[in-house]
$ cat structure.cif   # mmCIF, C-alpha atoms
data_target
loop_
_atom_site.label_atom_id
_atom_site.label_comp_id
_atom_site.auth_asym_id
_atom_site.auth_seq_id
_atom_site.Cartn_x
_atom_site.Cartn_y
_atom_site.Cartn_z
CA MET T 268 -0.65 -28.98 22.15
CA LYS T 269 2.53 -26.95 21.89
CA THR T 270 4.27 -29.61 19.81
CA LEU T 271 1.25 -29.66 17.50
CA ALA T 272 1.53 -25.89 17.11
CA LEU T 273 5.26 -26.15 16.48
CA ILE T 274 4.73 -28.78 13.77
CA ALA T 275 2.07 -26.63 12.08
CA VAL T 276 4.33 -23.59 12.21
CA LEU T 277 7.31 -25.47 10.78
CA LEU T 278 5.17 -26.94 7.99
CA ALA T 279 3.79 -23.51 7.08
CA GLY T 280 7.27 -21.99 7.16
CA GLY T 281 8.68 -24.72 4.97
CA MET T 282 5.88 -24.24 2.47
CA LEU T 283 6.47 -20.47 2.38
CA LEU T 284 10.21 -20.95 1.84
CA TYR T 285 9.54 -23.49 -0.94
CA ALA T 286 7.12 -21.09 -2.62
CA GLY T 287 9.50 -18.17 -2.12
CA GLN T 288 12.19 -19.65 -4.35
CA ASP T 289 10.60 -18.09 -7.44
CA LEU T 290 10.50 -14.58 -5.98
CA PRO T 291 12.92 -12.01 -7.44
CA ALA T 292 16.26 -11.54 -5.71
CA PHE T 293 16.79 -8.63 -3.29
CA GLY T 294 17.29 -5.39 -5.22
CA ASP T 295 16.57 -6.93 -8.61
CA GLN T 296 15.83 -4.25 -11.20
CA ASN T 297 14.14 -6.74 -13.55
CA SER T 298 11.52 -7.81 -11.05
CA PRO T 299 7.96 -7.91 -12.45
CA ALA T 300 6.74 -5.32 -9.95
CA TYR T 301 9.33 -2.77 -11.08
CA GLN T 302 8.93 -3.49 -14.81
CA HIS T 303 5.15 -3.11 -14.67
CA PRO T 304 3.96 -0.21 -16.88
CA MET T 305 2.03 1.42 -14.02
CA THR T 306 5.17 1.75 -11.90
CA THR T 307 7.07 3.34 -14.75
CA ARG T 308 4.16 5.68 -15.42
CA PHE T 309 3.89 6.76 -11.78
CA ILE T 310 7.61 7.53 -11.65
CA GLU T 311 7.68 9.45 -14.91
CA GLU T 312 4.33 11.26 -14.99
CA SER T 313 3.30 11.87 -11.39
CA GLU T 314 5.13 15.19 -11.08
CA ASN T 315 3.39 16.66 -14.14
CA GLU T 316 0.01 15.32 -13.15
CA THR T 317 -0.05 16.11 -9.43
CA GLY T 318 2.52 18.86 -8.93
CA VAL T 319 4.36 17.28 -5.97
CA TYR T 320 7.88 15.84 -5.86
CA ASN T 321 7.19 12.99 -3.45
CA ILE T 322 5.78 10.12 -5.50
CA VAL T 323 4.52 8.31 -2.40
CA THR T 324 2.47 11.36 -1.37
CA ALA T 325 1.23 11.76 -4.94
CA LEU T 326 0.02 8.16 -4.94
CA LEU T 327 -1.44 8.36 -1.43
CA ALA T 328 -3.31 11.66 -1.72
CA ASN T 329 -4.13 11.81 -5.41
CA TYR T 330 -4.28 8.49 -7.28
CA ARG T 331 -5.40 6.47 -4.25
CA SER T 332 -7.20 9.35 -2.56
CA TYR T 333 -10.44 7.47 -2.16
CA ASP T 334 -8.60 4.64 -0.41
CA THR T 335 -6.95 7.12 1.94
CA LEU T 336 -10.36 8.60 2.81
CA GLY T 337 -11.47 5.11 3.81
CA GLU T 338 -8.27 4.68 5.80
CA THR T 339 -8.88 7.89 7.74
CA THR T 340 -12.39 6.63 8.40
CA VAL T 341 -10.91 3.38 9.71
CA ILE T 342 -8.68 5.15 12.22
CA PHE T 343 -11.54 7.47 13.26
CA THR T 344 -13.81 4.45 13.74
CA ALA T 345 -11.14 2.70 15.81
CA GLY T 346 -10.92 5.71 18.10
CA MET T 347 -14.70 5.83 18.49
CA ALA T 348 -14.84 2.05 19.11
CA VAL T 349 -12.27 2.31 21.91
CA ILE T 350 -14.24 5.18 23.47
CA LEU T 351 -17.44 3.13 23.31
CA LEU T 352 -15.74 0.06 24.80
CA LEU T 353 -13.88 1.70 27.68
CA ARG T 354 -16.00 4.72 28.69
CA ARG T 355 -19.30 2.91 29.17
CA ARG T 356 -19.69 3.84 32.83
CA GLU T 357 -19.17 7.55 32.32
CA LEU T 358 -21.71 7.99 29.55
CA MET Z 27 3.37 8.97 41.05
CA SER Z 28 6.33 6.84 40.10
CA GLY Z 29 9.99 7.75 40.33
CA ILE Z 30 10.40 8.79 36.73
CA GLN Z 31 7.67 11.42 37.07
CA GLU Z 32 9.38 13.07 40.05
CA SER Z 33 12.77 13.44 38.37
CA ILE Z 34 13.43 17.14 37.88
CA ILE Z 35 15.70 16.46 34.88
CA ILE Z 36 13.05 14.54 32.99
CA ARG Z 37 10.33 17.07 33.81
CA THR Z 38 12.46 19.99 32.60
CA VAL Z 39 13.65 18.24 29.45
CA VAL Z 40 10.10 17.20 28.53
CA ARG Z 41 8.77 20.73 29.12
CA ILE Z 42 11.41 22.14 26.75
CA MET Z 43 11.16 19.35 24.17
CA VAL Z 44 7.38 19.18 23.67
CA PRO Z 45 7.00 22.45 21.68
CA PHE Z 46 9.87 21.47 19.40
CA ILE Z 47 8.47 18.01 18.76
CA ALA Z 48 5.12 19.61 17.92
CA LEU Z 49 6.82 22.07 15.57
CA PHE Z 50 8.67 19.22 13.87
CA ALA Z 51 5.35 17.42 13.45
CA LEU Z 52 3.85 20.44 11.67
CA TYR Z 53 6.94 20.56 9.44
CA VAL Z 54 6.54 16.88 8.56
CA ILE Z 55 2.86 17.37 7.66
CA ILE Z 56 3.42 20.42 5.45
CA HIS Z 57 6.64 19.07 3.93
CA GLY Z 58 4.93 15.86 2.84
CA ALA Z 59 4.57 17.12 -0.74
CA SER Z 60 8.24 17.82 -1.42
CA GLY Z 61 10.10 15.42 0.84
CA PRO Z 62 9.69 12.51 3.20
CA GLY Z 63 6.64 12.96 5.37
CA GLY Z 64 2.89 13.25 5.24
CA GLY Z 65 -0.25 13.46 7.27
CA PHE Z 66 -0.04 10.11 9.05
CA GLN Z 67 3.58 10.49 10.10
CA GLY Z 68 3.22 14.09 11.26
CA GLY Z 69 -0.01 13.36 13.10
CA VAL Z 70 1.59 10.50 14.98
CA ILE Z 71 4.59 12.68 15.92
CA PHE Z 72 2.30 15.45 17.19
CA GLY Z 73 0.30 12.89 19.16
CA ALA Z 74 3.53 11.49 20.60
CA ALA Z 75 4.53 14.95 21.85
CA ILE Z 76 1.31 15.33 23.85
CA ILE Z 77 1.46 11.69 25.01
CA LEU Z 78 5.02 12.33 26.28
CA TYR Z 79 3.78 15.35 28.22
CA ALA Z 80 0.87 13.35 29.68
CA MET Z 81 3.18 10.48 30.65
CA ILE Z 82 5.49 12.72 32.68
CA TYR Z 83 3.07 15.34 34.05
CA GLY Z 84 0.13 12.98 34.61
CA ILE Z 85 -3.06 12.26 32.69
CA GLU Z 86 -4.93 15.08 34.45
CA ASP Z 87 -2.45 17.72 33.26
CA GLY Z 88 -2.47 16.15 29.80
CA LYS Z 89 -6.24 16.49 29.64
CA LYS Z 90 -5.89 20.20 30.42
CA ILE Z 91 -4.05 20.58 27.10
CA MET Z 92 -6.16 18.12 25.14
CA SER Z 93 -9.57 17.67 26.71
CA ASP Z 94 -11.90 14.85 25.70
CA LYS Z 95 -14.25 17.33 24.08
CA LEU Z 96 -11.44 18.88 21.99
CA ASN Z 97 -10.34 15.37 21.02
CA ARG Z 98 -13.78 14.47 19.76
CA ILE Z 99 -14.10 17.73 17.85
CA LEU Z 100 -10.64 17.44 16.24
CA SER Z 101 -10.97 13.80 15.25
CA SER Z 102 -14.13 14.54 13.28
CA THR Z 103 -12.80 17.88 11.95
CA GLY Z 104 -10.00 16.16 10.05
CA LEU Z 105 -12.39 13.73 8.43
CA VAL Z 106 -14.77 16.56 7.50
CA LEU Z 107 -11.84 18.50 5.98
CA TYR Z 108 -10.93 15.48 3.84
CA ALA Z 109 -14.46 14.67 2.73
CA GLY Z 110 -15.17 18.39 2.24
CA THR Z 111 -12.27 18.63 -0.22
CA GLY Z 112 -13.84 15.76 -2.14
CA LEU Z 113 -17.22 17.45 -2.12
CA LEU Z 114 -15.63 20.74 -3.26
CA CYS Z 115 -14.49 18.94 -6.39
CA LEU Z 116 -18.05 17.70 -6.91
CA VAL Z 117 -19.35 21.28 -6.62
CA PHE Z 118 -17.05 22.46 -9.41
CA GLY Z 119 -18.26 19.74 -11.75
CA GLY Z 120 -15.54 17.14 -11.30
CA LYS Z 121 -15.66 13.65 -9.85
CA PHE Z 122 -15.29 13.00 -6.11
CA LEU Z 123 -11.72 13.98 -5.12
CA GLN Z 124 -10.81 14.94 -8.70
CA TYR Z 125 -8.60 17.87 -7.72
CA ASN Z 126 -7.99 19.35 -11.18
CA ALA Z 127 -11.67 20.28 -11.48
CA VAL Z 128 -11.33 23.14 -8.96
CA PRO Z 129 -10.39 26.39 -10.81
CA LEU Z 130 -8.06 27.69 -8.09
CA PHE Z 131 -4.98 28.20 -10.29
CA PRO Z 132 -4.61 28.17 -14.09
CA ASN Z 133 -2.30 25.17 -13.81
CA PRO Z 134 -4.31 22.09 -12.71
CA ALA Z 135 -1.23 20.43 -11.21
CA GLU Z 136 -0.74 23.41 -8.88
CA THR Z 137 -4.36 23.19 -7.71
CA ALA Z 138 -3.91 19.48 -7.08
CA ALA Z 139 -0.80 20.15 -4.98
CA ILE Z 140 -2.61 22.73 -2.80
CA LEU Z 141 -5.67 20.51 -2.28
CA MET Z 142 -3.42 17.56 -1.47
CA ASP Z 143 -1.87 19.67 1.30
CA VAL Z 144 -5.36 20.37 2.66
CA VAL Z 145 -6.10 16.66 2.61
CA GLU Z 146 -2.83 15.86 4.38
CA VAL Z 147 -3.62 18.40 7.11
CA GLY Z 148 -7.02 16.75 7.54
CA ILE Z 149 -5.39 13.32 7.90
CA GLY Z 150 -2.91 14.76 10.40
CA ILE Z 151 -5.62 16.32 12.60
CA THR Z 152 -7.62 13.09 12.72
CA VAL Z 153 -4.58 10.92 13.45
CA LEU Z 154 -3.25 13.13 16.25
CA ALA Z 155 -6.62 13.38 17.96
CA VAL Z 156 -7.28 9.65 17.72
CA MET Z 157 -3.78 8.73 18.97
CA ILE Z 158 -4.15 10.96 22.04
CA SER Z 159 -7.64 9.70 22.74
CA LEU Z 160 -6.43 6.07 22.48
CA PHE Z 161 -3.66 6.80 24.99
CA PHE Z 162 -6.01 8.48 27.45
CA ASP Z 163 -8.56 5.66 27.17
CA ILE Z 164 -6.18 2.70 27.48
CA SER Z 165 -4.03 4.17 30.27
CA PRO Z 166 -5.21 3.10 33.76
CA PRO Z 167 -7.32 5.62 35.70
CA GLU Z 168 -5.43 7.89 38.08
CA THR Z 169 -7.65 7.09 41.11
CA GLU Z 170 -6.05 3.65 41.49
CA GLY Z 171 -2.61 5.23 41.78
CA ASP Z 172 -3.87 7.56 44.53
CA GLU Z 173 -5.29 4.59 46.44
CA MET Z 174 -1.97 2.80 46.17
CA SER Z 175 0.17 5.65 47.49
CA PRO Z 176 -0.98 5.62 51.20
CA GLU Z 177 -0.15 1.90 51.40
CA GLU Z 178 3.30 2.57 50.05
CA VAL Z 179 3.78 5.27 52.68
CA GLU Z 180 2.77 2.82 55.44
CA GLN Z 181 5.19 0.21 54.20
CA MET H 269 27.26 -26.52 -2.58
CA THR H 270 28.16 -23.05 -3.81
CA GLY H 271 24.99 -23.05 -5.88
CA ILE H 272 22.83 -23.56 -2.83
CA MET H 273 24.72 -20.88 -0.89
CA ASP H 274 24.28 -18.45 -3.79
CA ILE H 275 20.52 -19.02 -3.77
CA VAL H 276 20.39 -18.57 0.01
CA TYR H 277 22.45 -15.39 -0.18
CA ALA H 278 20.42 -13.85 -3.02
CA GLU H 279 17.15 -14.46 -1.20
CA TYR H 280 18.20 -14.27 2.45
CA ASN H 281 15.63 -11.52 3.08
CA TYR H 282 12.80 -13.99 2.46
CA TRP H 283 14.28 -16.37 5.04
CA ILE H 284 14.22 -13.57 7.60
CA TYR H 285 10.61 -12.66 6.85
CA VAL H 286 9.49 -16.29 6.99
CA ALA H 287 11.24 -16.70 10.35
CA LEU H 288 9.61 -13.53 11.74
CA MET H 289 6.23 -14.50 10.37
CA MET H 290 6.43 -17.96 11.91
CA ILE H 291 7.42 -16.49 15.30
CA GLY H 292 4.28 -14.38 15.19
CA PHE H 293 2.18 -17.31 13.96
CA TYR H 294 3.44 -19.54 16.78
CA ALA H 295 2.64 -16.85 19.34
CA MET H 296 -0.87 -16.54 17.92
CA ILE H 297 -1.74 -20.25 18.02
CA ALA H 298 0.29 -21.62 20.97
CA LYS H 299 0.13 -18.89 23.64
CA LYS H 300 -2.85 -18.81 26.00
CA ASN H 301 -2.48 -15.18 27.08
CA LEU H 302 -4.57 -12.81 24.97
CA VAL H 303 -2.03 -9.96 25.09
CA LYS H 304 0.67 -12.32 23.81
CA LYS H 305 -1.65 -13.30 20.97
CA VAL H 306 -2.01 -9.63 19.98
CA ILE H 307 1.77 -9.19 20.11
CA GLY H 308 2.11 -12.27 17.89
CA ALA H 309 -0.30 -10.75 15.38
CA ASN H 310 1.80 -7.57 15.40
CA ILE H 311 5.01 -9.51 14.69
CA PHE H 312 3.21 -11.30 11.85
CA GLN H 313 2.14 -7.97 10.39
CA SER H 314 5.66 -6.54 10.70
CA ALA H 315 7.01 -9.48 8.70
CA ILE H 316 4.55 -8.73 5.91
CA PHE H 317 5.44 -5.01 5.95
CA LEU H 318 9.16 -5.82 5.64
CA PHE H 319 8.43 -8.27 2.83
CA TYR H 320 6.58 -5.62 0.81
CA ILE H 321 9.16 -2.91 1.44
CA SER H 322 12.00 -5.23 0.42
CA LEU H 323 10.15 -6.07 -2.80
CA SER H 324 10.21 -2.36 -3.68
CA ASP H 325 13.98 -2.01 -3.23
CA ILE H 326 16.26 -1.62 -6.24
CA THR H 327 20.04 -1.92 -6.04
CA GLY H 328 21.42 1.61 -6.28
CA GLY H 329 17.95 3.13 -6.12
CA THR H 330 17.00 6.13 -4.02
CA ALA H 331 13.79 7.10 -2.24
CA PRO H 332 10.93 7.88 -4.65
CA ILE H 333 11.19 11.67 -4.38
CA ILE H 334 11.84 13.41 -7.69
CA VAL H 335 15.36 14.88 -7.92
CA HIS H 336 16.06 18.00 -9.98
CA GLY H 337 19.50 19.04 -11.14
CA GLU H 338 22.17 18.07 -13.61
CA HIS H 339 22.23 14.36 -12.70
CA ALA H 340 18.45 14.02 -12.60
CA ALA H 341 18.32 11.69 -15.61
CA GLU H 342 20.68 9.12 -14.04
CA VAL H 343 18.73 8.68 -10.81
CA ILE H 344 17.03 5.32 -10.27
CA TYR H 345 13.94 5.46 -8.05
CA THR H 346 12.74 2.54 -5.99
CA ASN H 347 9.23 1.26 -6.57
CA PRO H 348 6.77 3.65 -4.83
CA VAL H 349 3.66 1.46 -5.00
CA PRO H 350 4.51 -0.97 -2.13
CA HIS H 351 5.40 2.01 0.09
CA VAL H 352 1.89 3.40 -0.34
CA LEU H 353 0.24 0.02 0.24
CA ILE H 354 2.23 -0.49 3.44
CA LEU H 355 1.49 3.02 4.69
CA THR H 356 -2.17 2.02 4.45
CA ALA H 357 -1.51 -1.34 6.11
CA ILE H 358 0.40 0.19 9.05
CA VAL H 359 -2.49 2.49 9.86
CA VAL H 360 -4.95 -0.39 9.74
CA ALA H 361 -2.59 -2.43 11.96
CA VAL H 362 -2.51 0.35 14.55
CA SER H 363 -6.30 0.61 14.52
CA THR H 364 -6.86 -3.13 14.91
CA THR H 365 -4.28 -3.31 17.72
CA ALA H 366 -5.99 -0.46 19.57
CA VAL H 367 -9.41 -2.08 19.29
CA ALA H 368 -7.99 -5.47 20.31
CA LEU H 369 -6.32 -3.99 23.41
CA ALA H 370 -9.53 -2.19 24.39
CA LEU H 371 -11.45 -5.46 24.04
CA ILE H 372 -8.83 -7.19 26.19
CA ILE H 373 -9.24 -4.56 28.90
CA ARG H 374 -13.01 -5.14 28.87
CA ILE H 375 -12.49 -8.93 29.00
CA TYR H 376 -10.18 -8.53 31.99
CA ASP H 377 -12.75 -6.35 33.76
CA GLU H 378 -15.41 -9.00 33.14
CA TYR H 379 -13.54 -12.25 33.89
CA GLY H 380 -10.54 -11.17 35.96
CA SER H 381 -8.13 -13.12 33.79
CA LEU H 382 -6.41 -12.99 30.45
CA ASP H 383 -5.95 -16.74 30.16
CA GLU H 384 -7.92 -18.24 27.29
CA ASP H 385 -8.80 -21.45 29.18
CA VAL H 386 -10.07 -19.56 32.23
CA ILE H 387 -12.22 -17.29 30.09
CA LEU H 388 -13.67 -20.21 28.12
CA ALA H 389 -14.45 -22.13 31.33
CA ALA H 390 -16.14 -19.06 32.80
CA ARG H 391 -18.19 -18.63 29.66
CA ARG H 392 -19.26 -22.28 29.80
CA ASN H 393 -20.51 -21.79 33.37
CA LEU H 394 -22.31 -18.62 32.40
CA GLN H 395 -24.12 -20.15 29.43
CA PRO H 396 -25.76 -23.52 30.20
CA GLU H 397 -26.91 -24.10 26.62
CA PHE H 398 -23.35 -23.60 25.43
CA SER H 399 -22.03 -26.20 27.85
CA GLU H 400 -24.81 -28.55 26.75
CA TYR H 401 -23.66 -28.11 23.16
CA ALA H 402 -20.04 -28.76 24.17
CA ARG H 403 -21.01 -31.92 26.07
CA GLN H 404 -23.00 -33.23 23.08
CA LYS H 405 -19.99 -32.61 20.88
CA GLU H 406 -17.73 -34.53 23.26
CA VAL H 407 -20.19 -37.45 23.28
CA ASP H 408 -20.32 -37.46 19.49
CA SER H 409 -16.54 -37.47 19.15
#
$ encode --input "structure.cif" --output "structure tokens"
Amino acid sequence: MKTLALIAVLLAGGMLLYAGQDLPAFGDQNSPAYQHPMTTRFIEESENETGVYNIVTALLANYRSYDTLGETTVIFTAGMAVILLLRRREL
Amino acid sequence: MSGIQESIIIRTVVRIMVPFIALFALYVIIHGASGPGGGFQGGVIFGAAIILYAMIYGIEDGKKIMSDKLNRILSSTGLVLYAGTGLLCLVFGGKFLQYNAVPLFPNPAETAAILMDVVEVGIGITVLAVMISLFFDISPPETEGDEMSPEEVEQ
Amino acid sequence: MTGIMDIVYAEYNYWIYVALMMIGFYAMIAKKNLVKKVIGANIFQSAIFLFYISLSDITGGTAPIIVHGEHAAEVIYTNPVPHVLILTAIVVAVSTTAVALALIIRIYDEYGSLDEDVILAARRNLQPEFSEYARQKEVDS
């Protein structure tokens, strides 16, 4: 069973390495993700549009605000789920 | 009570450190707009301060600072603060969480920055309450430790 | 030979992430202990986080916080979008880990073991129709 798992893991790793050859090199400024117009726009316009210096905060709390609301709901739900699972006897 | 909880050095250092860690957490939350930081990071640091206190002084003493009831209230307060900011934008005629719709300042970007701080504080409150409640729930109950201690004395 | 070494050196970060990811994957599928499976899932997630963060890095770039001053025009910022995505992913990872650990505590209370085989055997004894189904499947195969 363990050898089977090892073979599966090595196969998956080999496939990932083979597929990873086309990825941009480490620190490449011409990578598609960095040259995408949205990235350039976020870097250049976010200060005028949101009024904060930190672009990550501007993205998190303004452009992707709805997503962050869902994320806060996820962490709240996780806390409630743990309470429901582990405090059954007290309630 | 294990050895690390009886050490006078650790107890003193923790008692002095916890307020400063909590203060640093508030700094990280508020400073999220103009530097590295934000609600999630600051909330986790604040939770870690209280968890550190509860680890050294015992779960019972930790619950005196942060009771289960306070935890439940705080974890929903943060979410209400966040969703309430979104609803405030609806009231002023914008879309949900469209910050520029609120006529707080003449400059819409300034309004957005203030409301983003409110949102970050809401995230921080929820995260700190949930982290502490997770620690209190997953840690083993104290009664088992008390049952163990007489046996250790006999041995 | 130098060509191959150049490729390996330019993309060595991907080799590290694949190695980390496969360590986590192996722990998830080969280990019988449920806690070790959760740790494996966490290692897997960490590999993905590092992969995304390394994609955002630019040689000579600084953190994506706007700089003001005389040299402001020369500053290169790293890509902020993967940072935001991974901030989201880390929070979800923490939540799933917490729920998984709580479930494991409940499972241990119920079955007195964390071993997958022991738990499955106990479940088979508890549910006769399930064991009937398993026996039928063994006969078929």
$ closest_residue --input "structure.cif" --among "H:Phe312, H:Gln395, H:Lys299, H:Gly292" --to "Lys269 in chain T" --atoms "only C-alpha atoms"
H:Lys299
$ interface_residues --input "structure.cif" --of "chain H" --to "chain Z" --cutoff "10 Å" --atoms "only C-alpha atoms" --output "NGL selection string"
:H and (331-334 or 355-356 or 358-359 or 362-363 or 366-367 or 369-370 or 373)
$ resolve_selection --input "structure.cif" --expression "the PyMOL selection byres ((chain T) within 8 of (chain H))" --output "NGL selection string"
:T and (268-269 or 272-273 or 276-277 or 279-280 or 283-284 or 287-288 or 291-296 or 300-301 or 306 or 310 or 314 or 320-323 or 326-327 or 335 or 338 or 341-342 or 345-346 or 348-349 or 352-353)
$ atom_distance --input "structure.cif" --atom1 "CA of Leu107 in chain Z" --atom2 "CA of Gly148 in chain Z"
5.4 Å
$ resolve_selection --input "structure.cif" --expression "the PyMOL selection byres ((chain H and resi 301) around 7)" --output "ChimeraX atom specification"
/H:299-300,302-305,382-384
$ interface_residues --input "structure.cif" --of "chain Z" --to "chain T" --cutoff "7 Å" --atoms "only C-alpha atoms" --output "PyMOL selection string"
chain Z and resi 58-61+64+101+105+108+123+135-136+138-139+142+149+152+156+159-160+163
$ residues_around --input "structure.cif" --residues "Lys121 in chain Z" --least-positions-apart "5" --cutoff "12 Å" --atoms "all atoms listed in the file" --output "PDB file with C-alpha atoms, in the coordinates of the input"
ATOM      1  CA  SER T 332      -7.200   9.350  -2.560  1.00  0.00           C
ATOM      2  CA  TYR T 333     -10.440   7.470  -2.160  1.00  0.00           C
TER       3      TYR T 333
ATOM      4  CA  THR Z 111     -12.270  18.630  -0.220  1.00  0.00           C
ATOM      5  CA  GLY Z 112     -13.840  15.760  -2.140  1.00  0.00           C
ATOM      6  CA  LEU Z 113     -17.220  17.450  -2.120  1.00  0.00           C
ATOM      7  CA  LEU Z 114     -15.630  20.740  -3.260  1.00  0.00           C
ATOM      8  CA  CYS Z 115     -14.490  18.940  -6.390  1.00  0.00           C
ATOM      9  CA  LEU Z 116     -18.050  17.700  -6.910  1.00  0.00           C
ATOM     10  CA  ASN Z 126      -7.990  19.350 -11.180  1.00  0.00           C
ATOM     11  CA  ALA Z 127     -11.670  20.280 -11.480  1.00  0.00           C
ATOM     12  CA  VAL Z 128     -11.330  23.140  -8.960  1.00  0.00           C
TER      13      VAL Z 128
END
$ resolve_selection --input "structure.cif" --expression "the PyMOL selection byres ((chain Z and resi 91-98) around 8)" --output "PyMOL selection string"
chain Z and resi 87-90+99-102+155-156+158-159
$ atom_distance --input "structure.cif" --atom1 "CA of Ala75 in chain Z" --atom2 "CA of Thr38 in chain Z"
14.3 Å
$ closest_residue --input "structure.cif" --among "H:Val306, H:Ala389, H:Ile272, H:Ile284" --to "Ile372 in chain H" --atoms "only C-alpha atoms"
H:Val306
$ build_atoms --input "structure.cif" --residues "range 297-315 of chain T" --atoms "N, CA and C atoms" --output "PDB file, in the coordinates of the input"
ATOM      1  N   ASN T 297      15.000  -6.126 -12.551  1.00  0.00           N
ATOM      2  CA  ASN T 297      14.140  -6.740 -13.550  1.00  0.00           C
ATOM      3  C   ASN T 297      12.941  -7.439 -12.936  1.00  0.00           C
ATOM      4  N   SER T 298      12.651  -7.137 -11.671  1.00  0.00           N
ATOM      5  CA  SER T 298      11.520  -7.810 -11.050  1.00  0.00           C
ATOM      6  C   SER T 298      10.223  -7.355 -11.707  1.00  0.00           C
ATOM      7  N   PRO T 299       9.216  -8.251 -11.767  1.00  0.00           N
ATOM      8  CA  PRO T 299       7.960  -7.910 -12.450  1.00  0.00           C
ATOM      9  C   PRO T 299       7.297  -6.665 -11.876  1.00  0.00           C
ATOM     10  N   ALA T 300       7.402  -6.483 -10.546  1.00  0.00           N
ATOM     11  CA  ALA T 300       6.740  -5.320  -9.950  1.00  0.00           C
ATOM     12  C   ALA T 300       7.360  -4.026 -10.452  1.00  0.00           C
ATOM     13  N   TYR T 301       8.687  -4.014 -10.654  1.00  0.00           N
ATOM     14  CA  TYR T 301       9.330  -2.770 -11.080  1.00  0.00           C
ATOM     15  C   TYR T 301       9.159  -2.545 -12.575  1.00  0.00           C
ATOM     16  N   GLN T 302       9.051  -3.634 -13.364  1.00  0.00           N
ATOM     17  CA  GLN T 302       8.930  -3.490 -14.810  1.00  0.00           C
ATOM     18  C   GLN T 302       7.491  -3.242 -15.246  1.00  0.00           C
ATOM     19  N   HIS T 303       6.554  -3.308 -14.303  1.00  0.00           N
ATOM     20  CA  HIS T 303       5.150  -3.110 -14.670  1.00  0.00           C
ATOM     21  C   HIS T 303       4.939  -1.700 -15.213  1.00  0.00           C
ATOM     22  N   PRO T 304       4.134  -1.545 -16.289  1.00  0.00           N
ATOM     23  CA  PRO T 304       3.960  -0.210 -16.880  1.00  0.00           C
ATOM     24  C   PRO T 304       3.400   0.832 -15.918  1.00  0.00           C
ATOM     25  N   MET T 305       2.574   0.420 -14.939  1.00  0.00           N
ATOM     26  CA  MET T 305       2.030   1.420 -14.020  1.00  0.00           C
ATOM     27  C   MET T 305       3.122   2.045 -13.164  1.00  0.00           C
ATOM     28  N   THR T 306       4.076   1.208 -12.709  1.00  0.00           N
ATOM     29  CA  THR T 306       5.170   1.750 -11.900  1.00  0.00           C
ATOM     30  C   THR T 306       5.971   2.770 -12.685  1.00  0.00           C
ATOM     31  N   THR T 307       6.310   2.423 -13.908  1.00  0.00           N
ATOM     32  CA  THR T 307       7.070   3.340 -14.750  1.00  0.00           C
ATOM     33  C   THR T 307       6.296   4.635 -14.964  1.00  0.00           C
ATOM     34  N   ARG T 308       4.981   4.499 -15.173  1.00  0.00           N
ATOM     35  CA  ARG T 308       4.160   5.680 -15.420  1.00  0.00           C
ATOM     36  C   ARG T 308       4.104   6.567 -14.180  1.00  0.00           C
ATOM     37  N   PHE T 309       3.939   5.953 -13.003  1.00  0.00           N
ATOM     38  CA  PHE T 309       3.890   6.760 -11.780  1.00  0.00           C
ATOM     39  C   PHE T 309       5.192   7.535 -11.605  1.00  0.00           C
ATOM     40  N   ILE T 310       6.332   6.864 -11.868  1.00  0.00           N
ATOM     41  CA  ILE T 310       7.610   7.530 -11.650  1.00  0.00           C
ATOM     42  C   ILE T 310       7.807   8.663 -12.648  1.00  0.00           C
ATOM     43  N   GLU T 311       7.386   8.446 -13.893  1.00  0.00           N
ATOM     44  CA  GLU T 311       7.680   9.450 -14.910  1.00  0.00           C
ATOM     45  C   GLU T 311       6.654  10.574 -14.962  1.00  0.00           C
ATOM     46  N   GLU T 312       5.387  10.284 -14.724  1.00  0.00           N
ATOM     47  CA  GLU T 312       4.330  11.260 -14.990  1.00  0.00           C
ATOM     48  C   GLU T 312       3.776  11.942 -13.755  1.00  0.00           C
ATOM     49  N   SER T 313       4.046  11.377 -12.547  1.00  0.00           N
ATOM     50  CA  SER T 313       3.300  11.870 -11.390  1.00  0.00           C
ATOM     51  C   SER T 313       3.612  13.328 -11.094  1.00  0.00           C
ATOM     52  N   GLU T 314       4.835  13.796 -11.392  1.00  0.00           N
ATOM     53  CA  GLU T 314       5.130  15.190 -11.080  1.00  0.00           C
ATOM     54  C   GLU T 314       4.317  16.136 -11.961  1.00  0.00           C
ATOM     55  N   ASN T 315       4.186  15.803 -13.261  1.00  0.00           N
ATOM     56  CA  ASN T 315       3.390  16.660 -14.140  1.00  0.00           C
ATOM     57  C   ASN T 315       1.921  16.619 -13.791  1.00  0.00           C
TER      58      ASN T 315
END
